[in-house]
Amino acid sequence: MLLALSPFPEEIEQGYLGRVMRINGFRSLAELSDFITELYQVERLTQGRSWFDMLCKVANMSSEQFAQRHTTLPLKRGITSYFPEIVHGAADRPTLTRQAHNRKYAAAFFCEQCAQADIVFHGMSYWRREHQTPGQLWCSKHGCALSSTAEPDAMLSSPAKLIDQSCLIPLAAIQEAQANPFVERYLELVAAMYERIAPLDVGKIAPVLRDQAKRHGFHAYAGPVRSALLSDRICEIFPHSWLERVFPSLLDKKKGEVLHQVDGALYMRKSSSSTVAYLLVLATLFETADEAINTLQAAQSGALVPEVLLRQVRYALPADDALVEAYIRAQGDVSNIVQMWEIPKRCIQKRLLELGLPNLAADPGQAVFPKAGLQAFYLSKRSYQESQRLSGMDCRQFDSLLRGCGPKLVKALIKMDKEDVRCSRKELVYNLRRLQVAEQA
C-alpha cells in the first residue's frame, strides 16, 4: 500500500517525489519506482522510467494539471518552436512531458522563513517552484534572501533539514537586483509564463520582437553588425551579479560581439533560444511587463500582424478599369488614389506600374515634375532633351520614368488634360513651363 499525498501549493515535482519517498519509508528511488509501477500498472518505457507519469498517478492529477502547477515546464517551454500548439504536459507527447522532470538541478533554493512556517502549518517543509526560477534571488512572500545548496539530490530531503548545509545568497546582490526595474519586469514575465497552459510560438513572436528592436535602433538581422546589439544593452541595464546567475554567457562575450542565444531571438523563427533569453529581450524592449504580455498574446492570436508578415498579406485590388479611372481623377498622384480604398500604397502602386502607369506626383522637396515631362514628350511631341529638361529630372531619372510607361499612359494623359478640375499651384507651374517650351520652338 502507498500513502498517496496531495502536492502542496506550488510544490515542485522533485520535492514532491522526495516527500512521497520519505513518507512511505522507501530508501531509494529504485524501490519507489518499482512499487509505483506495479501498483498503478504504469507502462514501462523503452527509454526508462517516467517519473512524471508516476507522480501524476500518485497525485491523482492529469498530466496537464501536474505539469502546469508543479513543474518548471511552463517556463522551459514558454516560448518555443518545438510543437508550440501542444499544451504543457499533454499526455500524447511523452517526449515533452519527460522534460518536466529534471533531477539534475545545479543547486536547490529555499526560503528559511517559508520552511519554518510550513512546519507550523503543514507539519513539514517543502520545495517551492518559484524559488527555483532563474533570477529569483529572494522570497517574494517574505522578501528575504533565498538559501541555496548544491547537495546532490537535495530536493529528496526537506528544506528544513538542509538549513545548516546551505548558504544565503549575498545581500548586496539581492538589493541591487531588487532596485533594478528591468529585473522586476523580467520576474513579472516569468510569472506570466507560469500562468499559461500552452507555449508561445517562436514563429509568431520573433517577427514582433524584430519590429520592436528596429524601432529602438537595435541590430535585428543575421549578418554583419551595423547597429547596436541588444545583448550589449542587456549587459548595460541588468546588474552583472544577477546576470552571472541567470545568463552568464552574456558577461563572457565582448562588446560588439553577437551572442546568437540572445541577439538571434530577433530573427530565428525555426529554432528557438531559451525562454529566459526571450524574457530578457522582452524586459529590455518593452516599457512594462503588461505591454510585453499583451503584445505577445496579440501576436499569438493573430490580432497583431508584424510588419514583415503584413507585407506578405494579399489584398483584393479593384478592377483595372477602376484603377485607371482613379489614376486619371488623381492626375497620376498615387497618394490620392490610396485614399479611395483601404489598401496599402505599395499594392496599388505595384499594380499601376504593371499597367504602365507610373506615379506622376511632383516631388515637394525638389523642382521635379514627371507629369509635365511626359505630357511634353507624348502629347506635345517634344524632343527627349526638351521633355527631360521640363520634367526637372536628370537623364537617369527620366529614362527610368519612360521605361515604366505603357500604352495606357497616353490615353490617361489625354483624359487628364480634358478633366475639368481646378489646377493646383504645381500644375500651374509646369503648364507655364510647357507653354514656354512651345513658344521657343
# chains A, B, ... in the order shown; residues from 1 in each chain; ligands from 1

$ residues_around --residues "range 124-127 of chain A" --least-positions-apart "6" --cutoff "10 Å" --atoms "only C-alpha atoms" --output "PyMOL selection string"
chain A and resi 7-16+18-19+108-112+114-118+154-161

$ write_last_selection --atoms "N, CA, C and O atoms" --output "short mmCIF file (atom, residue, chain, number, x, y, z; two decimals), in the first residue's frame"
data_model
loop_
_atom_site.label_atom_id
_atom_site.label_comp_id
_atom_site.auth_asym_id
_atom_site.auth_seq_id
_atom_site.Cartn_x
_atom_site.Cartn_y
_atom_site.Cartn_z
N PRO A 7 -0.05 17.11 -3.63
CA PRO A 7 1.02 18.12 -3.66
C PRO A 7 0.59 19.39 -2.94
O PRO A 7 -0.58 19.78 -3.00
N PHE A 8 1.54 20.04 -2.27
CA PHE A 8 1.27 21.33 -1.66
C PHE A 8 1.20 22.40 -2.76
O PHE A 8 1.68 22.18 -3.87
N PRO A 9 0.64 23.56 -2.45
CA PRO A 9 0.58 24.64 -3.44
C PRO A 9 1.97 25.01 -3.96
O PRO A 9 2.89 25.23 -3.18
N GLU A 10 2.13 25.00 -5.29
CA GLU A 10 3.39 25.37 -5.94
C GLU A 10 4.55 24.44 -5.57
O GLU A 10 5.71 24.79 -5.77
N GLU A 11 4.25 23.26 -5.04
CA GLU A 11 5.33 22.31 -4.71
C GLU A 11 5.93 21.77 -6.00
O GLU A 11 5.21 21.30 -6.88
N ILE A 12 7.24 21.86 -6.13
CA ILE A 12 7.90 21.42 -7.35
C ILE A 12 8.01 19.90 -7.37
O ILE A 12 8.10 19.24 -6.32
N GLU A 13 7.98 19.32 -8.58
CA GLU A 13 7.83 17.87 -8.72
C GLU A 13 8.94 17.08 -8.05
O GLU A 13 8.70 16.03 -7.45
N GLN A 14 10.18 17.57 -8.10
CA GLN A 14 11.29 16.84 -7.48
C GLN A 14 11.13 16.80 -5.97
O GLN A 14 11.39 15.78 -5.33
N GLY A 15 10.70 17.91 -5.38
CA GLY A 15 10.45 17.94 -3.94
C GLY A 15 9.28 17.06 -3.55
O GLY A 15 9.30 16.40 -2.50
N TYR A 16 8.25 17.01 -4.41
CA TYR A 16 7.09 16.15 -4.16
C TYR A 16 7.51 14.69 -4.19
O TYR A 16 7.09 13.86 -3.36
N GLY A 18 10.48 13.48 -3.44
CA GLY A 18 11.21 13.19 -2.20
C GLY A 18 10.27 13.04 -1.02
O GLY A 18 10.48 12.18 -0.14
N ARG A 19 9.22 13.83 -0.98
CA ARG A 19 8.28 13.76 0.14
C ARG A 19 7.50 12.44 0.11
O ARG A 19 7.29 11.80 1.15
N ALA A 108 19.72 23.90 -5.40
CA ALA A 108 18.33 23.95 -4.97
C ALA A 108 18.17 25.14 -4.04
O ALA A 108 19.05 25.43 -3.21
N PHE A 109 17.04 25.85 -4.15
CA PHE A 109 16.84 27.10 -3.40
C PHE A 109 15.59 26.99 -2.53
O PHE A 109 14.59 26.39 -2.94
N PHE A 110 15.66 27.58 -1.38
CA PHE A 110 14.50 27.61 -0.48
C PHE A 110 14.60 28.83 0.43
O PHE A 110 15.66 29.46 0.56
N CYS A 111 13.47 29.17 1.03
CA CYS A 111 13.40 30.28 1.98
C CYS A 111 13.30 29.71 3.39
O CYS A 111 12.40 28.91 3.68
N GLU A 112 14.20 30.10 4.26
CA GLU A 112 14.19 29.57 5.62
C GLU A 112 12.91 29.94 6.36
O GLU A 112 12.37 29.15 7.13
N CYS A 114 9.96 30.44 4.99
CA CYS A 114 8.91 29.58 4.47
C CYS A 114 8.99 28.18 5.09
O CYS A 114 7.96 27.58 5.44
N ALA A 115 10.22 27.66 5.22
CA ALA A 115 10.41 26.32 5.79
C ALA A 115 9.88 26.26 7.22
O ALA A 115 9.20 25.30 7.61
N GLN A 116 10.18 27.28 8.00
CA GLN A 116 9.71 27.32 9.39
C GLN A 116 8.19 27.46 9.46
O GLN A 116 7.52 26.80 10.27
N ALA A 117 7.64 28.30 8.59
CA ALA A 117 6.18 28.48 8.57
C ALA A 117 5.48 27.20 8.10
O ALA A 117 4.39 26.87 8.59
N ASP A 118 6.09 26.48 7.15
CA ASP A 118 5.50 25.24 6.66
C ASP A 118 5.40 24.20 7.78
O ASP A 118 4.40 23.46 7.87
N ALA A 154 19.29 17.25 -3.58
CA ALA A 154 18.90 17.96 -2.36
C ALA A 154 17.39 17.93 -2.14
O ALA A 154 16.93 17.84 -0.99
N MET A 155 16.60 17.98 -3.21
CA MET A 155 15.15 18.07 -3.05
C MET A 155 14.50 16.77 -2.61
O MET A 155 13.30 16.75 -2.34
N LEU A 156 15.28 15.71 -2.52
CA LEU A 156 14.72 14.48 -1.95
C LEU A 156 14.64 14.58 -0.44
O LEU A 156 13.94 13.78 0.20
N SER A 157 15.32 15.56 0.13
CA SER A 157 15.22 15.85 1.57
C SER A 157 14.35 17.08 1.75
O SER A 157 14.08 17.82 0.80
N SER A 158 13.93 17.34 2.96
CA SER A 158 13.13 18.54 3.21
C SER A 158 14.05 19.75 3.33
O SER A 158 15.21 19.62 3.77
N PRO A 159 13.58 20.94 2.97
CA PRO A 159 14.42 22.14 3.10
C PRO A 159 14.91 22.38 4.53
O PRO A 159 16.05 22.79 4.73
N ALA A 160 14.04 22.11 5.49
CA ALA A 160 14.40 22.38 6.89
C ALA A 160 15.63 21.58 7.31
O ALA A 160 16.43 22.06 8.14
N LYS A 161 15.83 20.39 6.78
CA LYS A 161 16.97 19.56 7.16
C LYS A 161 18.28 20.04 6.52
O LYS A 161 19.36 19.56 6.91
#

$ residues_around --residues "Phe369 in chain A" --least-positions-apart "2" --cutoff "8 Å" --atoms "only C-alpha atoms" --output "PyMOL selection string"
chain A and resi 360-363+367+371-373+390-393+430

$ write_last_selection --atoms "all heavy atoms" --output "PDB file, in the first residue's frame"
ATOM      1  N   LEU A 360       2.924  60.008 -60.934  1.00  0.00           N
ATOM      2  CA  LEU A 360       3.215  61.320 -61.524  1.00  0.00           C
ATOM      3  C   LEU A 360       3.239  62.435 -60.488  1.00  0.00           C
ATOM      4  O   LEU A 360       3.233  63.620 -60.851  1.00  0.00           O
ATOM      5  CB  LEU A 360       2.177  61.654 -62.600  1.00  0.00           C
ATOM      6  CG  LEU A 360       2.037  60.633 -63.742  1.00  0.00           C
ATOM      7  CD1 LEU A 360       1.040  61.132 -64.771  1.00  0.00           C
ATOM      8  CD2 LEU A 360       3.388  60.364 -64.385  1.00  0.00           C
ATOM      9  N   ALA A 361       3.250  62.077 -59.213  1.00  0.00           N
ATOM     10  CA  ALA A 361       3.252  63.098 -58.163  1.00  0.00           C
ATOM     11  C   ALA A 361       4.530  63.922 -58.237  1.00  0.00           C
ATOM     12  O   ALA A 361       5.635  63.386 -58.411  1.00  0.00           O
ATOM     13  CB  ALA A 361       3.138  62.451 -56.787  1.00  0.00           C
ATOM     14  N   ALA A 362       4.391  65.241 -58.115  1.00  0.00           N
ATOM     15  CA  ALA A 362       5.563  66.120 -58.097  1.00  0.00           C
ATOM     16  C   ALA A 362       6.268  65.977 -56.774  1.00  0.00           C
ATOM     17  O   ALA A 362       5.642  65.780 -55.731  1.00  0.00           O
ATOM     18  CB  ALA A 362       5.128  67.574 -58.316  1.00  0.00           C
ATOM     19  N   ASP A 363       7.580  66.043 -56.790  1.00  0.00           N
ATOM     20  CA  ASP A 363       8.373  65.946 -55.562  1.00  0.00           C
ATOM     21  C   ASP A 363       8.314  67.274 -54.827  1.00  0.00           C
ATOM     22  O   ASP A 363       8.772  68.299 -55.354  1.00  0.00           O
ATOM     23  CB  ASP A 363       9.822  65.592 -55.906  1.00  0.00           C
ATOM     24  CG  ASP A 363      10.624  65.202 -54.674  1.00  0.00           C
ATOM     25  OD1 ASP A 363      10.313  65.717 -53.591  1.00  0.00           O
ATOM     26  OD2 ASP A 363      11.536  64.385 -54.818  1.00  0.00           O
ATOM     27  N   ALA A 367      12.330  70.536 -57.528  1.00  0.00           N
ATOM     28  CA  ALA A 367      11.591  71.018 -58.700  1.00  0.00           C
ATOM     29  C   ALA A 367      11.532  69.913 -59.738  1.00  0.00           C
ATOM     30  O   ALA A 367      12.129  69.978 -60.809  1.00  0.00           O
ATOM     31  CB  ALA A 367      12.266  72.262 -59.256  1.00  0.00           C
ATOM     32  N   LYS A 371       4.855  64.584 -64.558  1.00  0.00           N
ATOM     33  CA  LYS A 371       3.713  64.727 -65.452  1.00  0.00           C
ATOM     34  C   LYS A 371       4.007  65.728 -66.574  1.00  0.00           C
ATOM     35  O   LYS A 371       3.661  65.506 -67.748  1.00  0.00           O
ATOM     36  CB  LYS A 371       2.496  65.155 -64.645  1.00  0.00           C
ATOM     37  CG  LYS A 371       1.217  65.291 -65.464  1.00  0.00           C
ATOM     38  CD  LYS A 371       0.078  65.731 -64.564  1.00  0.00           C
ATOM     39  CE  LYS A 371      -1.144  66.103 -65.370  1.00  0.00           C
ATOM     40  NZ  LYS A 371      -2.202  66.686 -64.533  1.00  0.00           N
ATOM     41  N   ALA A 372       4.646  66.847 -66.233  1.00  0.00           N
ATOM     42  CA  ALA A 372       4.969  67.864 -67.244  1.00  0.00           C
ATOM     43  C   ALA A 372       5.890  67.301 -68.311  1.00  0.00           C
ATOM     44  O   ALA A 372       5.709  67.550 -69.518  1.00  0.00           O
ATOM     45  CB  ALA A 372       5.610  69.075 -66.570  1.00  0.00           C
ATOM     46  N   GLY A 373       6.889  66.519 -67.894  1.00  0.00           N
ATOM     47  CA  GLY A 373       7.818  65.935 -68.858  1.00  0.00           C
ATOM     48  C   GLY A 373       7.142  64.950 -69.784  1.00  0.00           C
ATOM     49  O   GLY A 373       7.407  64.938 -70.999  1.00  0.00           O
ATOM     50  N   LEU A 390      12.131  69.845 -69.029  1.00  0.00           N
ATOM     51  CA  LEU A 390      10.861  70.320 -68.496  1.00  0.00           C
ATOM     52  C   LEU A 390      10.445  69.541 -67.254  1.00  0.00           C
ATOM     53  O   LEU A 390       9.837  70.086 -66.333  1.00  0.00           O
ATOM     54  CB  LEU A 390       9.777  70.200 -69.571  1.00  0.00           C
ATOM     55  CG  LEU A 390       8.391  70.755 -69.227  1.00  0.00           C
ATOM     56  CD1 LEU A 390       8.479  72.233 -68.897  1.00  0.00           C
ATOM     57  CD2 LEU A 390       7.431  70.525 -70.371  1.00  0.00           C
ATOM     58  N   SER A 391      10.811  68.257 -67.214  1.00  0.00           N
ATOM     59  CA  SER A 391      10.454  67.424 -66.057  1.00  0.00           C
ATOM     60  C   SER A 391      11.242  67.794 -64.808  1.00  0.00           C
ATOM     61  O   SER A 391      10.823  67.495 -63.692  1.00  0.00           O
ATOM     62  CB  SER A 391      10.686  65.952 -66.388  1.00  0.00           C
ATOM     63  OG  SER A 391      12.083  65.674 -66.439  1.00  0.00           O
ATOM     64  N   GLY A 392      12.409  68.453 -65.020  1.00  0.00           N
ATOM     65  CA  GLY A 392      13.256  68.765 -63.874  1.00  0.00           C
ATOM     66  C   GLY A 392      14.079  67.582 -63.412  1.00  0.00           C
ATOM     67  O   GLY A 392      14.793  67.665 -62.400  1.00  0.00           O
ATOM     68  N   MET A 393      14.001  66.470 -64.094  1.00  0.00           N
ATOM     69  CA  MET A 393      14.739  65.263 -63.727  1.00  0.00           C
ATOM     70  C   MET A 393      16.067  65.206 -64.458  1.00  0.00           C
ATOM     71  O   MET A 393      16.227  65.823 -65.513  1.00  0.00           O
ATOM     72  CB  MET A 393      13.922  64.009 -64.088  1.00  0.00           C
ATOM     73  CG  MET A 393      12.597  63.861 -63.359  1.00  0.00           C
ATOM     74  SD  MET A 393      11.718  62.381 -63.943  1.00  0.00           S
ATOM     75  CE  MET A 393      10.447  62.247 -62.702  1.00  0.00           C
ATOM     76  N   TYR A 430       4.062  73.814 -63.992  1.00  0.00           N
ATOM     77  CA  TYR A 430       4.597  73.047 -65.118  1.00  0.00           C
ATOM     78  C   TYR A 430       3.826  73.305 -66.412  1.00  0.00           C
ATOM     79  O   TYR A 430       4.357  73.145 -67.506  1.00  0.00           O
ATOM     80  CB  TYR A 430       4.726  71.547 -64.801  1.00  0.00           C
ATOM     81  CG  TYR A 430       3.477  70.757 -64.579  1.00  0.00           C
ATOM     82  CD1 TYR A 430       2.547  70.523 -65.580  1.00  0.00           C
ATOM     83  CD2 TYR A 430       3.265  70.139 -63.354  1.00  0.00           C
ATOM     84  CE1 TYR A 430       1.427  69.755 -65.373  1.00  0.00           C
ATOM     85  CE2 TYR A 430       2.145  69.367 -63.134  1.00  0.00           C
ATOM     86  CZ  TYR A 430       1.225  69.166 -64.148  1.00  0.00           C
ATOM     87  OH  TYR A 430       0.133  68.386 -63.926  1.00  0.00           O
TER      88      TYR A 430
END

$ select_by_dssp --residues "range 16-223 of chain A" --states "strand (DSSP E)" --output "ChimeraX atom specification"
/A:79-80,108-110,147-149,167-168,200-201

$ write_last_selection --atoms "N, CA and C atoms" --output "PDB file, in the first residue's frame"
ATOM      1  N   ILE A  79       8.324  29.842 -24.602  1.00  0.00           N
ATOM      2  CA  ILE A  79       8.385  30.325 -25.991  1.00  0.00           C
ATOM      3  C   ILE A  79       9.230  29.312 -26.756  1.00  0.00           C
ATOM      4  N   THR A  80       8.616  28.625 -27.693  1.00  0.00           N
ATOM      5  CA  THR A  80       9.306  27.513 -28.335  1.00  0.00           C
ATOM      6  C   THR A  80       8.873  27.354 -29.783  1.00  0.00           C
ATOM      7  N   ALA A 108      19.721  23.898  -5.399  1.00  0.00           N
ATOM      8  CA  ALA A 108      18.328  23.951  -4.965  1.00  0.00           C
ATOM      9  C   ALA A 108      18.170  25.145  -4.037  1.00  0.00           C
ATOM     10  N   PHE A 109      17.045  25.854  -4.149  1.00  0.00           N
ATOM     11  CA  PHE A 109      16.844  27.095  -3.401  1.00  0.00           C
ATOM     12  C   PHE A 109      15.593  26.990  -2.531  1.00  0.00           C
ATOM     13  N   PHE A 110      15.659  27.584  -1.377  1.00  0.00           N
ATOM     14  CA  PHE A 110      14.505  27.613  -0.478  1.00  0.00           C
ATOM     15  C   PHE A 110      14.603  28.835   0.427  1.00  0.00           C
ATOM     16  N   SER A 147      18.088  30.707   0.429  1.00  0.00           N
ATOM     17  CA  SER A 147      19.245  29.865   0.740  1.00  0.00           C
ATOM     18  C   SER A 147      19.438  28.881  -0.401  1.00  0.00           C
ATOM     19  N   SER A 148      20.671  28.532  -0.653  1.00  0.00           N
ATOM     20  CA  SER A 148      20.944  27.576  -1.731  1.00  0.00           C
ATOM     21  C   SER A 148      21.842  26.463  -1.225  1.00  0.00           C
ATOM     22  N   THR A 149      21.682  25.311  -1.861  1.00  0.00           N
ATOM     23  CA  THR A 149      22.529  24.174  -1.542  1.00  0.00           C
ATOM     24  C   THR A 149      22.847  23.425  -2.821  1.00  0.00           C
ATOM     25  N   CYS A 167      23.725  28.025   2.144  1.00  0.00           N
ATOM     26  CA  CYS A 167      24.266  29.369   2.323  1.00  0.00           C
ATOM     27  C   CYS A 167      23.312  30.385   1.709  1.00  0.00           C
ATOM     28  N   LEU A 168      23.238  31.541   2.336  1.00  0.00           N
ATOM     29  CA  LEU A 168      22.352  32.593   1.852  1.00  0.00           C
ATOM     30  C   LEU A 168      22.960  33.290   0.640  1.00  0.00           C
ATOM     31  N   LEU A 200       4.139  29.895 -26.276  1.00  0.00           N
ATOM     32  CA  LEU A 200       4.020  30.858 -27.368  1.00  0.00           C
ATOM     33  C   LEU A 200       4.889  30.366 -28.526  1.00  0.00           C
ATOM     34  N   ASP A 201       4.421  30.623 -29.727  1.00  0.00           N
ATOM     35  CA  ASP A 201       5.096  30.129 -30.929  1.00  0.00           C
ATOM     36  C   ASP A 201       6.193  31.108 -31.360  1.00  0.00           C
TER      37      ASP A 201
END

$ residues_around --residues "Phe377 in chain A" --least-positions-apart "4" --cutoff "9 Å" --atoms "only C-alpha atoms" --output "list in words"
Ala372, Gly373, Lys381, Arg382, Ser383, Tyr384, Glu386, Ser387 and Gln388 of chain A

$ write_last_selection --atoms "C-alpha atoms" --output "compact mmCIF listing (two decimals), in the first residue's frame"
# COMPACT_ATOMS: atom_id res chain seq x y z
CA ALA A 372 4.97 67.86 -67.24
CA GLY A 373 7.82 65.93 -68.86
CA LYS A 381 5.67 65.65 -79.28
CA ARG A 382 8.70 67.50 -77.92
CA SER A 383 12.17 66.04 -78.15
CA TYR A 384 13.61 63.84 -75.45
CA GLU A 386 13.27 69.28 -74.09
CA SER A 387 10.91 66.93 -72.24
CA GLN A 388 13.65 65.86 -69.85

$ closest_residue --among "A:Met340, A:Ala192, A:Ala145, A:Leu304" --to "Ala177 in chain A" --atoms "only C-alpha atoms"
A:Ala145

$ closest_atom_pairs --of "range 160-242 of chain A" --to "range 48-67 of chain A" --cutoff "12 Å" --atoms "only C-alpha atoms" --output "CSV"
residue,atom,partner,partner_atom,distance
A:Tyr194,CA,A:Ala67,CA,10.2
A:Glu195,CA,A:Ala67,CA,11.5
A:Arg196,CA,A:Ala67,CA,11.1
A:Ile197,CA,A:Glu64,CA,8.1
A:Ala198,CA,A:Glu64,CA,9.7

$ write_last_selection --atoms "all heavy atoms" --output "compact mmCIF listing (two decimals), in the first residue's frame"
# COMPACT_ATOMS: atom_id res chain seq x y z
N TYR A 194 4.33 31.12 -16.18
CA TYR A 194 3.82 30.06 -15.32
C TYR A 194 2.29 29.98 -15.36
O TYR A 194 1.71 28.93 -15.07
CB TYR A 194 4.27 30.28 -13.87
CG TYR A 194 5.67 29.79 -13.58
CD1 TYR A 194 6.55 30.55 -12.81
CD2 TYR A 194 6.11 28.56 -14.06
CE1 TYR A 194 7.84 30.10 -12.54
CE2 TYR A 194 7.39 28.11 -13.79
CZ TYR A 194 8.25 28.88 -13.04
OH TYR A 194 9.53 28.42 -12.77
N GLU A 195 1.64 31.06 -15.71
CA GLU A 195 0.18 31.07 -15.76
C GLU A 195 -0.38 30.52 -17.07
O GLU A 195 -1.56 30.20 -17.15
CB GLU A 195 -0.34 32.51 -15.56
CG GLU A 195 -0.10 33.06 -14.16
CD GLU A 195 -0.52 34.51 -14.04
OE1 GLU A 195 -1.00 35.08 -15.05
OE2 GLU A 195 -0.37 35.08 -12.95
N ARG A 196 0.45 30.40 -18.08
CA ARG A 196 -0.02 29.92 -19.38
C ARG A 196 -0.14 28.40 -19.40
O ARG A 196 0.67 27.70 -18.79
CB ARG A 196 0.92 30.37 -20.50
CG ARG A 196 0.94 31.87 -20.73
CD ARG A 196 1.76 32.19 -21.99
NE ARG A 196 1.22 31.52 -23.15
CZ ARG A 196 0.20 31.97 -23.88
NH1 ARG A 196 -0.38 33.11 -23.58
NH2 ARG A 196 -0.22 31.29 -24.93
N ILE A 197 -1.14 27.90 -20.11
CA ILE A 197 -1.31 26.46 -20.23
C ILE A 197 -0.61 25.90 -21.47
O ILE A 197 -0.47 24.69 -21.61
CB ILE A 197 -2.81 26.07 -20.26
CG1 ILE A 197 -3.47 26.62 -21.53
CG2 ILE A 197 -3.52 26.56 -19.01
CD1 ILE A 197 -4.90 26.14 -21.74
N ALA A 198 -0.19 26.79 -22.36
CA ALA A 198 0.50 26.36 -23.59
C ALA A 198 1.57 27.39 -23.92
O ALA A 198 1.49 28.55 -23.51
CB ALA A 198 -0.50 26.23 -24.74

$ select_by_dssp --residues "range 177-322 of chain A" --states "helix (DSSP H, G or I)" --output "ChimeraX atom specification"
/A:177-178,181-195,202-215,230-237,240-246,249-252,260-266,275-285,289-301,307-310,320-322

$ closest_residue --among "A:Ile328, A:Arg346, A:Ser335, A:Ala265" --to "Lys411 in chain A" --atoms "only C-alpha atoms"
A:Ile328

$ closest_residue --among "A:Val368, A:Val246, A:Ala150, A:Leu266" --to "Gln136 in chain A" --atoms "only C-alpha atoms"
A:Val246

$ closest_residue --among "A:Ser249, A:Thr295, A:Ser231, A:Ser166" --to "Leu209 in chain A" --atoms "only C-alpha atoms"
A:Thr295

$ residues_around --residues "Ala322 in chain A" --least-positions-apart "4" --cutoff "12 Å" --atoms "only C-alpha atoms" --output "list of chain:residue names"
A:Leu317, A:Pro318, A:Ala326, A:Tyr327, A:Ile328, A:Arg329, A:Ile337, A:Met340, A:Trp341, A:Ile348, A:Arg351, A:Leu352

$ write_last_selection --atoms "N, CA, C and O atoms" --output "PDB file, in the first residue's frame"
ATOM      1  N   LEU A 317      -7.481  43.841 -54.958  1.00  0.00           N
ATOM      2  CA  LEU A 317      -7.391  45.135 -55.639  1.00  0.00           C
ATOM      3  C   LEU A 317      -8.638  45.390 -56.478  1.00  0.00           C
ATOM      4  O   LEU A 317      -9.296  44.453 -56.939  1.00  0.00           O
ATOM      5  N   PRO A 318      -8.961  46.662 -56.714  1.00  0.00           N
ATOM      6  CA  PRO A 318     -10.078  46.985 -57.602  1.00  0.00           C
ATOM      7  C   PRO A 318      -9.763  46.513 -59.022  1.00  0.00           C
ATOM      8  O   PRO A 318      -8.622  46.204 -59.369  1.00  0.00           O
ATOM      9  N   ALA A 326      -9.378  55.970 -61.523  1.00  0.00           N
ATOM     10  CA  ALA A 326      -8.905  56.645 -60.309  1.00  0.00           C
ATOM     11  C   ALA A 326      -7.585  57.359 -60.569  1.00  0.00           C
ATOM     12  O   ALA A 326      -7.336  58.463 -60.065  1.00  0.00           O
ATOM     13  N   TYR A 327      -6.719  56.729 -61.368  1.00  0.00           N
ATOM     14  CA  TYR A 327      -5.426  57.312 -61.737  1.00  0.00           C
ATOM     15  C   TYR A 327      -5.628  58.631 -62.478  1.00  0.00           C
ATOM     16  O   TYR A 327      -4.939  59.624 -62.239  1.00  0.00           O
ATOM     17  N   ILE A 328      -6.609  58.657 -63.378  1.00  0.00           N
ATOM     18  CA  ILE A 328      -6.889  59.874 -64.155  1.00  0.00           C
ATOM     19  C   ILE A 328      -7.442  60.972 -63.246  1.00  0.00           C
ATOM     20  O   ILE A 328      -7.014  62.125 -63.311  1.00  0.00           O
ATOM     21  N   ARG A 329      -8.417  60.600 -62.377  1.00  0.00           N
ATOM     22  CA  ARG A 329      -9.009  61.598 -61.483  1.00  0.00           C
ATOM     23  C   ARG A 329      -7.976  62.179 -60.526  1.00  0.00           C
ATOM     24  O   ARG A 329      -8.039  63.347 -60.160  1.00  0.00           O
ATOM     25  N   ILE A 337      -4.849  58.311 -54.817  1.00  0.00           N
ATOM     26  CA  ILE A 337      -5.594  57.091 -55.163  1.00  0.00           C
ATOM     27  C   ILE A 337      -5.776  56.220 -53.930  1.00  0.00           C
ATOM     28  O   ILE A 337      -6.832  55.621 -53.721  1.00  0.00           O
ATOM     29  N   MET A 340      -8.854  56.356 -51.709  1.00  0.00           N
ATOM     30  CA  MET A 340     -10.146  55.845 -52.186  1.00  0.00           C
ATOM     31  C   MET A 340     -10.421  54.438 -51.676  1.00  0.00           C
ATOM     32  O   MET A 340     -11.567  54.012 -51.604  1.00  0.00           O
ATOM     33  N   TRP A 341      -9.363  53.668 -51.367  1.00  0.00           N
ATOM     34  CA  TRP A 341      -9.524  52.298 -50.883  1.00  0.00           C
ATOM     35  C   TRP A 341      -8.608  52.072 -49.687  1.00  0.00           C
ATOM     36  O   TRP A 341      -7.551  52.689 -49.580  1.00  0.00           O
ATOM     37  N   ILE A 348      -1.172  49.213 -54.541  1.00  0.00           N
ATOM     38  CA  ILE A 348      -1.767  49.944 -55.660  1.00  0.00           C
ATOM     39  C   ILE A 348      -0.697  50.386 -56.644  1.00  0.00           C
ATOM     40  O   ILE A 348      -0.849  50.263 -57.871  1.00  0.00           O
ATOM     41  N   ARG A 351       0.520  47.543 -58.886  1.00  0.00           N
ATOM     42  CA  ARG A 351      -0.382  47.180 -59.981  1.00  0.00           C
ATOM     43  C   ARG A 351      -0.400  48.254 -61.072  1.00  0.00           C
ATOM     44  O   ARG A 351      -0.445  47.940 -62.276  1.00  0.00           O
ATOM     45  N   LEU A 352      -0.348  49.511 -60.681  1.00  0.00           N
ATOM     46  CA  LEU A 352      -0.319  50.591 -61.670  1.00  0.00           C
ATOM     47  C   LEU A 352       0.931  50.510 -62.533  1.00  0.00           C
ATOM     48  O   LEU A 352       0.878  50.732 -63.752  1.00  0.00           O
TER      49      LEU A 352
END

$ closest_residue --among "A:Gln212, A:Gln339, A:Thr37, A:Gln297" --to "Leu282 in chain A" --atoms "only C-alpha atoms"
A:Gln212
